[in-house]
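Peer 1: See input29.csv below, with CSV, C-alpha atoms.
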chain,number,residue,atom,x,y,z
A,226,MET,CA,0.0,0.0,0.0
A,227,PRO,CA,1.4,3.4,-0.9
A,228,ARG,CA,1.5,5.8,2.0
A,229,ILE,CA,-0.6,8.8,1.6
A,230,ARG,CA,0.9,12.0,2.9
A,231,ALA,CA,-1.0,15.1,3.7
A,232,GLY,CA,-1.7,17.2,0.5
A,233,THR,CA,-1.0,14.3,-1.9
A,234,VAL,CA,-4.3,12.5,-1.9
A,235,SER,CA,-5.5,12.1,-5.5
A,236,LEU,CA,-8.4,10.5,-7.2
A,237,ARG,CA,-6.3,9.9,-10.3
A,238,SER,CA,-5.5,6.3,-11.1
A,239,PRO,CA,-1.8,5.2,-11.4
A,240,LEU,CA,-2.3,4.7,-15.1
A,241,SER,CA,-3.6,8.2,-15.6
A,242,LYS,CA,-0.7,9.6,-13.6
A,243,VAL,CA,1.8,7.8,-15.9
A,244,ILE,CA,0.1,8.9,-19.1
A,245,GLY,CA,0.0,12.4,-17.6
A,246,ARG,CA,-2.9,13.8,-19.5
A,247,GLY,CA,-5.9,15.5,-18.0
A,248,SER,CA,-9.5,14.6,-18.4
A,249,ALA,CA,-10.6,14.6,-22.0
A,250,GLY,CA,-13.8,16.3,-20.7
A,251,GLU,CA,-15.9,14.2,-23.1
A,252,GLY,CA,-17.1,11.5,-20.7
A,253,VAL,CA,-20.6,12.9,-20.8
A,254,GLY,CA,-20.5,13.8,-24.5
A,255,HIS,CA,-22.6,10.9,-25.8
A,256,TRP,CA,-25.2,11.3,-23.0
A,257,TRP,CA,-25.4,15.0,-23.6
A,258,ALA,CA,-25.7,14.8,-27.4
A,259,GLN,CA,-28.5,12.3,-26.9
A,260,ARG,CA,-30.4,14.9,-24.8
A,261,VAL,CA,-29.6,17.9,-27.1
A,262,THR,CA,-30.8,16.0,-30.2
A,263,SER,CA,-33.9,14.8,-28.4
A,264,VAL,CA,-34.8,18.4,-27.3
A,265,ALA,CA,-34.3,19.6,-30.9
A,266,LEU,CA,-36.4,16.7,-32.3
A,267,LEU,CA,-39.5,17.5,-30.2
A,268,PRO,CA,-40.4,20.6,-32.2
A,269,LEU,CA,-38.9,19.4,-35.5
A,270,THR,CA,-40.8,16.1,-35.6
A,271,ALA,CA,-44.0,17.6,-34.3
A,272,TRP,CA,-43.8,20.3,-37.0
A,273,PHE,CA,-43.1,17.8,-39.7
A,274,VAL,CA,-45.8,15.4,-38.9
A,275,ILE,CA,-48.5,18.1,-38.5
A,276,SER,CA,-47.4,19.9,-41.7
A,277,LEU,CA,-47.1,16.7,-43.8
A,278,LEU,CA,-50.5,15.4,-42.9
A,279,GLY,CA,-52.1,18.7,-44.0
A,280,HIS,CA,-51.1,17.8,-47.6
A,281,SER,CA,-52.2,15.2,-50.1
A,282,LEU,CA,-49.5,12.5,-49.9
A,283,GLN,CA,-50.6,10.8,-53.1
A,284,SER,CA,-49.9,14.0,-55.2
A,285,TYR,CA,-46.3,14.2,-56.4
A,286,ASP,CA,-46.8,17.8,-57.3
A,287,ALA,CA,-48.2,18.8,-53.9
A,288,MET,CA,-45.4,17.0,-52.0
A,289,ARG,CA,-42.7,18.4,-54.3
A,290,GLY,CA,-44.2,21.9,-54.1
A,291,TRP,CA,-44.4,21.8,-50.3
A,292,LEU,CA,-40.9,20.3,-49.6
A,293,GLY,CA,-39.3,22.5,-52.2
A,294,GLN,CA,-40.1,25.7,-50.3
A,295,PRO,CA,-36.9,27.2,-48.8
A,296,TRP,CA,-37.9,27.2,-45.1
A,297,VAL,CA,-39.6,23.8,-45.4
A,298,ALA,CA,-36.5,22.4,-47.0
A,299,VAL,CA,-34.2,23.9,-44.3
A,300,LEU,CA,-36.3,22.6,-41.5
A,301,THR,CA,-36.6,19.1,-43.1
A,302,ILE,CA,-32.8,19.0,-43.6
A,303,LEU,CA,-32.4,19.8,-39.9
A,304,LEU,CA,-34.9,17.1,-39.2
A,305,VAL,CA,-33.0,14.4,-41.2
A,306,PHE,CA,-29.6,15.4,-39.8
A,307,THR,CA,-30.9,15.4,-36.2
A,308,LEU,CA,-32.8,12.2,-36.6
A,309,ALA,CA,-29.8,10.4,-38.0
A,310,TRP,CA,-27.6,11.7,-35.2
A,311,HIS,CA,-30.1,10.8,-32.4
A,312,SER,CA,-30.7,7.4,-34.0
A,313,LYS,CA,-27.0,6.6,-34.4
A,314,LEU,CA,-26.4,7.4,-30.7
A,315,GLY,CA,-29.4,5.3,-29.6
A,316,VAL,CA,-28.6,2.2,-31.8
A,317,GLN,CA,-25.0,2.4,-30.5
A,318,VAL,CA,-26.1,2.2,-26.9
A,319,VAL,CA,-28.4,-0.8,-27.7
A,320,VAL,CA,-25.6,-2.6,-29.5
A,321,GLU,CA,-23.1,-1.9,-26.7
A,322,ASP,CA,-25.6,-3.1,-24.1
A,323,TYR,CA,-26.8,-6.4,-25.7
A,324,VAL,CA,-24.1,-7.6,-28.1
A,325,HIS,CA,-21.2,-9.0,-26.2
A,326,ALA,CA,-19.2,-10.9,-28.9
A,327,LYS,CA,-16.4,-8.5,-29.8
A,328,GLY,CA,-16.5,-9.2,-33.6
A,329,ALA,CA,-20.2,-9.0,-33.9
A,330,LYS,CA,-20.3,-5.8,-31.8
A,331,THR,CA,-17.6,-4.0,-33.9
A,332,THR,CA,-19.3,-5.1,-37.1
A,333,LEU,CA,-22.7,-3.9,-36.0
A,334,LEU,CA,-21.4,-0.6,-34.7
A,335,LEU,CA,-19.5,0.0,-38.0
A,336,LEU,CA,-22.6,-1.0,-40.0
A,337,SER,CA,-24.8,1.3,-38.0
A,338,THR,CA,-22.4,4.2,-38.4
A,339,PHE,CA,-22.2,3.7,-42.2
A,340,VAL,CA,-26.0,3.3,-42.6
A,341,HIS,CA,-26.8,6.4,-40.5
A,342,PHE,CA,-24.3,8.6,-42.4
A,343,GLY,CA,-25.5,7.2,-45.7
A,344,ALA,CA,-29.1,7.8,-44.8
A,345,ALA,CA,-28.4,11.4,-43.6
A,346,VAL,CA,-26.5,12.2,-46.8
A,347,ALA,CA,-29.3,10.6,-49.0
A,348,GLY,CA,-32.0,12.4,-47.2
A,349,ILE,CA,-30.3,15.8,-47.3
A,350,PHE,CA,-29.4,15.3,-51.0
A,351,ALA,CA,-33.0,14.4,-51.8
A,352,ILE,CA,-34.3,17.6,-50.1
A,353,LEU,CA,-31.7,19.8,-51.8
A,354,ALA,CA,-32.5,18.2,-55.2
A,355,LEU,CA,-36.2,19.0,-54.7
A,356,ALA,CA,-35.5,22.6,-53.4
A,357,LEU,CA,-32.9,23.6,-55.9
A,358,SER,CA,-34.1,22.1,-59.2
B,122,MET,CA,-12.8,-12.3,-16.4
B,123,ASN,CA,-15.7,-14.6,-16.6
B,124,GLN,CA,-15.7,-15.0,-12.8
B,125,ARG,CA,-16.5,-11.3,-12.2
B,126,PRO,CA,-19.5,-10.8,-9.9
B,127,LEU,CA,-22.8,-9.8,-11.5
B,128,SER,CA,-25.2,-7.3,-10.2
B,129,PRO,CA,-28.6,-8.7,-9.2
B,130,HIS,CA,-30.3,-9.8,-12.4
B,131,LEU,CA,-33.7,-8.9,-13.7
B,132,GLY,CA,-35.3,-12.1,-12.3
B,133,VAL,CA,-35.0,-10.9,-8.7
B,134,TYR,CA,-37.3,-8.0,-9.1
B,135,LYS,CA,-41.1,-8.0,-8.9
B,136,PHE,CA,-42.5,-7.1,-12.3
B,137,MET,CA,-43.8,-3.6,-12.6
B,138,TYR,CA,-45.4,-2.2,-15.8
B,139,THR,CA,-42.8,0.6,-15.6
B,140,MET,CA,-40.2,-2.0,-16.4
B,141,ALA,CA,-42.1,-2.9,-19.6
B,142,LEU,CA,-42.4,0.8,-20.5
B,143,SER,CA,-38.6,1.1,-20.0
B,144,ILE,CA,-37.7,-1.6,-22.4
B,145,LEU,CA,-40.4,-0.5,-24.7
B,146,HIS,CA,-38.6,2.9,-25.0
B,147,ARG,CA,-35.6,1.0,-26.5
B,148,ILE,CA,-37.7,-1.3,-28.7
B,149,THR,CA,-39.7,1.7,-30.1
B,150,GLY,CA,-36.4,3.6,-30.6
B,151,CYS,CA,-35.0,0.8,-32.7
B,152,ALA,CA,-38.2,0.6,-34.7
B,153,ALA,CA,-38.2,4.3,-35.2
B,154,SER,CA,-34.6,4.0,-36.5
B,155,VAL,CA,-35.9,1.6,-39.2
B,156,GLY,CA,-38.8,4.1,-39.8
B,157,PHE,CA,-36.2,6.8,-40.3
B,158,LEU,CA,-34.6,4.7,-43.1
B,159,LEU,CA,-38.1,4.3,-44.6
B,160,PHE,CA,-38.5,8.1,-44.4
B,161,VAL,CA,-35.2,8.7,-46.3
B,162,TRP,CA,-36.2,6.1,-48.9
B,163,TRP,CA,-39.5,8.1,-49.4
B,164,LEU,CA,-37.5,11.3,-49.8
B,165,MET,CA,-35.3,9.7,-52.4
B,166,ALA,CA,-38.3,8.4,-54.2
B,167,LEU,CA,-39.8,11.9,-54.3
B,168,ALA,CA,-36.5,13.3,-55.6
B,169,SER,CA,-36.3,10.6,-58.3
B,170,GLY,CA,-39.4,11.9,-60.1
B,171,PRO,CA,-43.2,11.3,-60.5
B,172,ALA,CA,-42.9,7.6,-61.6
B,173,ALA,CA,-40.6,6.6,-58.7
B,174,TYR,CA,-42.8,8.4,-56.3
B,175,ALA,CA,-46.0,6.8,-57.6
B,176,SER,CA,-44.5,3.3,-57.3
B,177,ALA,CA,-43.2,4.1,-53.8
B,178,MET,CA,-46.7,5.3,-52.7
B,179,ASN,CA,-48.1,2.2,-54.4
B,180,ALA,CA,-45.8,0.0,-52.3
B,181,LEU,CA,-46.7,1.9,-49.2
B,182,GLY,CA,-50.4,1.2,-49.9
B,183,SER,CA,-50.2,-2.6,-49.6
B,184,PRO,CA,-51.9,-4.0,-46.5
B,185,LEU,CA,-48.7,-5.2,-45.0
B,186,ALA,CA,-47.0,-1.8,-45.5
B,187,LYS,CA,-50.0,-0.1,-43.9
B,188,LEU,CA,-49.7,-2.3,-40.9
B,189,LEU,CA,-46.0,-1.6,-40.7
B,190,LEU,CA,-46.7,2.2,-41.0
B,191,VAL,CA,-49.2,2.0,-38.1
B,192,GLY,CA,-46.4,0.2,-36.1
B,193,PHE,CA,-43.9,2.8,-37.0
B,194,THR,CA,-46.3,5.6,-36.1
B,195,PHE,CA,-46.9,4.1,-32.7
B,196,SER,CA,-43.2,3.5,-32.1
B,197,PHE,CA,-42.4,7.1,-33.0
B,198,VAL,CA,-45.2,8.6,-30.9
B,199,TYR,CA,-44.5,6.4,-27.9
B,200,HIS,CA,-40.8,7.2,-28.1
B,201,PHE,CA,-41.6,10.9,-28.4
B,202,CYS,CA,-43.9,10.9,-25.3
B,203,ASN,CA,-41.7,8.7,-23.2
B,204,GLY,CA,-38.7,10.7,-24.3
B,205,ILE,CA,-40.4,13.8,-22.8
B,206,ARG,CA,-40.8,11.7,-19.6
B,207,HIS,CA,-37.1,10.9,-19.7
B,208,LEU,CA,-36.1,14.6,-20.2
B,209,VAL,CA,-38.2,15.5,-17.2
B,210,TRP,CA,-36.4,12.9,-15.1
B,211,ASP,CA,-33.1,14.3,-16.3
B,212,THR,CA,-34.0,17.5,-14.5
B,213,GLY,CA,-34.4,15.6,-11.3
B,214,HIS,CA,-38.3,15.8,-11.2
B,215,GLY,CA,-40.9,13.0,-11.2
B,216,LEU,CA,-38.6,10.3,-9.9
B,217,GLU,CA,-40.7,9.2,-7.0
B,218,ARG,CA,-42.3,5.8,-7.4
B,219,ALA,CA,-45.9,7.0,-7.5
B,220,GLN,CA,-45.0,9.8,-9.9
B,221,ALA,CA,-43.1,7.5,-12.2
B,222,ARG,CA,-45.9,5.1,-12.3
B,223,ARG,CA,-48.5,7.8,-13.0
B,224,SER,CA,-46.4,9.5,-15.7
B,225,GLY,CA,-46.0,6.0,-17.3
B,226,ALA,CA,-49.7,5.6,-17.5
B,227,VAL,CA,-50.1,9.1,-18.9
B,228,VAL,CA,-47.5,8.3,-21.6
B,229,VAL,CA,-49.3,5.1,-22.7
B,230,VAL,CA,-52.6,6.8,-22.9
B,231,ALA,CA,-51.2,9.8,-24.8
B,232,ALA,CA,-49.2,7.5,-27.2
B,233,LEU,CA,-52.3,5.5,-28.0
B,234,LEU,CA,-54.5,8.6,-28.5
B,235,LEU,CA,-51.9,10.4,-30.6
B,236,THR,CA,-51.3,7.2,-32.7
B,237,ALA,CA,-55.0,7.1,-33.4
B,238,VAL,CA,-55.0,10.8,-34.4
B,239,VAL,CA,-52.0,10.5,-36.7
B,240,VAL,CA,-53.4,7.3,-38.3
B,241,TRP,CA,-56.7,9.1,-38.9
B,242,TYR,CA,-55.1,12.1,-40.5
B,243,SER,CA,-52.7,9.9,-42.5
B,244,CYS,CA,-55.7,8.1,-43.9
B,245,ARG,CA,-57.1,11.4,-45.0
B,246,ALA,CA,-53.7,12.5,-46.4
B,247,PHE,CA,-53.5,9.1,-48.3
B,248,GLY,CA,-57.0,9.8,-49.7
B,249,LEU,CA,-58.5,6.8,-47.9
B,250,ALA,CA,-61.0,8.2,-45.4
B,251,PRO,CA,-63.8,10.9,-45.7
Mind turning the file's structure into structure tokens?
Peer 2:
Amino acid sequence: MPRIRAGTVSLRSPLSKVIGRGSAGEGVGHWWAQRVTSVALLPLTAWFVISLLGHSLQSYDAMRGWLGQPWVAVLTILLVFTLAWHSKLGVQVVVEDYVHAKGAKTTLLLLSTFVHFGAAVAGIFAILALALS
Amino acid sequence: MNQRPLSPHLGVYKFMYTMALSILHRITGCAASVGFLLFVWWLMALASGPAAYASAMNALGSPLAKLLLVGFTFSFVYHFCNGIRHLVWDTGHGLERAQARRSGAVVVVAALLLTAVVVWYSCRAFGLAP
């Protein structure tokens, strides 16, 4: 047992003392991002669902005309981006909690990351294509 | 490593419906993630032109797709309502047992009602109901 002298008590682990770096300050980053995105999604999703259902979904022209408007396009891009982010964080937690085999866990996390980034880019591209053409 | 102690497992607790609501938050979250991919697919169909959009809407009109859409709607709405409950908890409020049970019941009722409302308006927007 190392002797503890007055004034030298530390909560740092021996490893962290050897490595000599401070806290990355990102320990709560994932948790916090999950909350920030969920707060953002409350108004964004409510707005989108209420607005969408006021239009005729069967009409290509009506949908295109609605989504192509500048502010609708901007808000929908924010919606797609925030949904992808929130969903990625959530799926990550579920995989980490329930998949214990290392190979399967890494594969699923990689797959989830790729799918979420791909979906975000596709969704944003589609909205831009509608709004700018 | 395999000999490490485990915390008391789920089996030792008396079942409360709040436990079901808790795991339902994750299940509906995963379902909503799939719904998000469907939403992006729909956006891409819209961006691909009238023919692609018509065939996408046709696919969404099949009975199985409609059933799935109702499921996605409930998943999203439940996750939305229970997410608000979680955000309130994060502020340190509503964590007493009686409060948590009451808010759980409120969330279930709100989710079912809102699902019915959204499905009703969706039918109108799909051109299915009066």
Peer 1: My list of candidates is A:Ser235, A:Arg246, A:Ile349, A:Lys313. Which is closest to Leu292 in chain A when distances are computed with all atoms listed in the file?
Peer 2: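 Closest to Leu292 in chain A of all the choices is A:Ile349.
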Peer 1: Using all atoms listed in the file, give me every residue within 12 Å of (-40.2, 12.5, -59.8) in file coordinates, as a PyMOL selection string.
Peer 2: (chain A and resi 284-290+351+354-355+358) or (chain B and resi 163-177)
Peer 1: Residues of chain A within 7 Å of chain B: nearest atom pair and distance (Å, one decimal) for each, counting all atoms listed in the file, sorted by chain and number, as CSV?
Peer 2:
residue,atom,partner,partner_atom,distance
A:Leu278,CA,B:Ala246,CA,5.6
A:Gly279,CA,B:Ala246,CA,6.8
A:His280,CA,B:Ala246,CA,6.0
A:Ser281,CA,B:Ala246,CA,4.8
A:Leu282,CA,B:Ala246,CA,5.5
A:Gln283,CA,B:Phe247,CA,5.9
A:Tyr285,CA,B:Pro171,CA,5.9
A:Ser312,CA,B:Ser154,CA,5.7
A:Val316,CA,B:Cys151,CA,6.6
A:Ala344,CA,B:Val161,CA,6.3
A:Ala347,CA,B:Val161,CA,6.8
A:Gly348,CA,B:Val161,CA,5.0
A:Ala351,CA,B:Met165,CA,5.3
A:Ala354,CA,B:Ala168,CA,6.3
A:Leu355,CA,B:Ala168,CA,5.8
Peer 1: Find the residues near Ala356 in chain A: any atom within 8 Å, counting only C-alpha atoms, skip ones fewer than 5 places away on the same chain, and give them as a count of residues only.
Peer 2: 5
Peer 1: Which residue out of A:Ser263, A:Ser241, A:Thr307, A:Ser276 has the minimum interatomic distance to Asn203 in chain B when only C-alpha atoms are used?
Peer 2: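 Answer, going by the shortest atom-to-atom distance: A:Ser263.
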Peer 1: Report as JSON the centre and the edge lengths, in Å to one decimal, of the axis-aligned box holding every listed atom of range 241-247 of chain B, padded by 6 Å on each side.
Peer 2:
{"center_x": -54.9, "center_y": 10.3, "center_z": -43.6, "size_x": 16.4, "size_y": 16.4, "size_z": 21.4}
Peer 1: Would you work out the distance separating CA of His130 in chain B from CA of Ala232 in chain B, expressed in Å to one decimal?
Peer 2: 29.6 Å
Peer 1: Just give me the gap between CA of Leu235 in chain B and CA of Thr194 in chain B in Å, one decimal is fine.
Peer 2: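 Straight-line distance from CA of Leu235 in chain B to CA of Thr194 in chain B works out to 9.2 Å.
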Peer 1: Between B:Ala152, B:Leu216, B:Met140, B:Ala231, which residue has the minimum interatomic distance to Val191 in chain B, considering only C-alpha atoms?
Peer 2: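 Using only C-alpha atoms, Val191 in chain B sits closest to B:Ala152.
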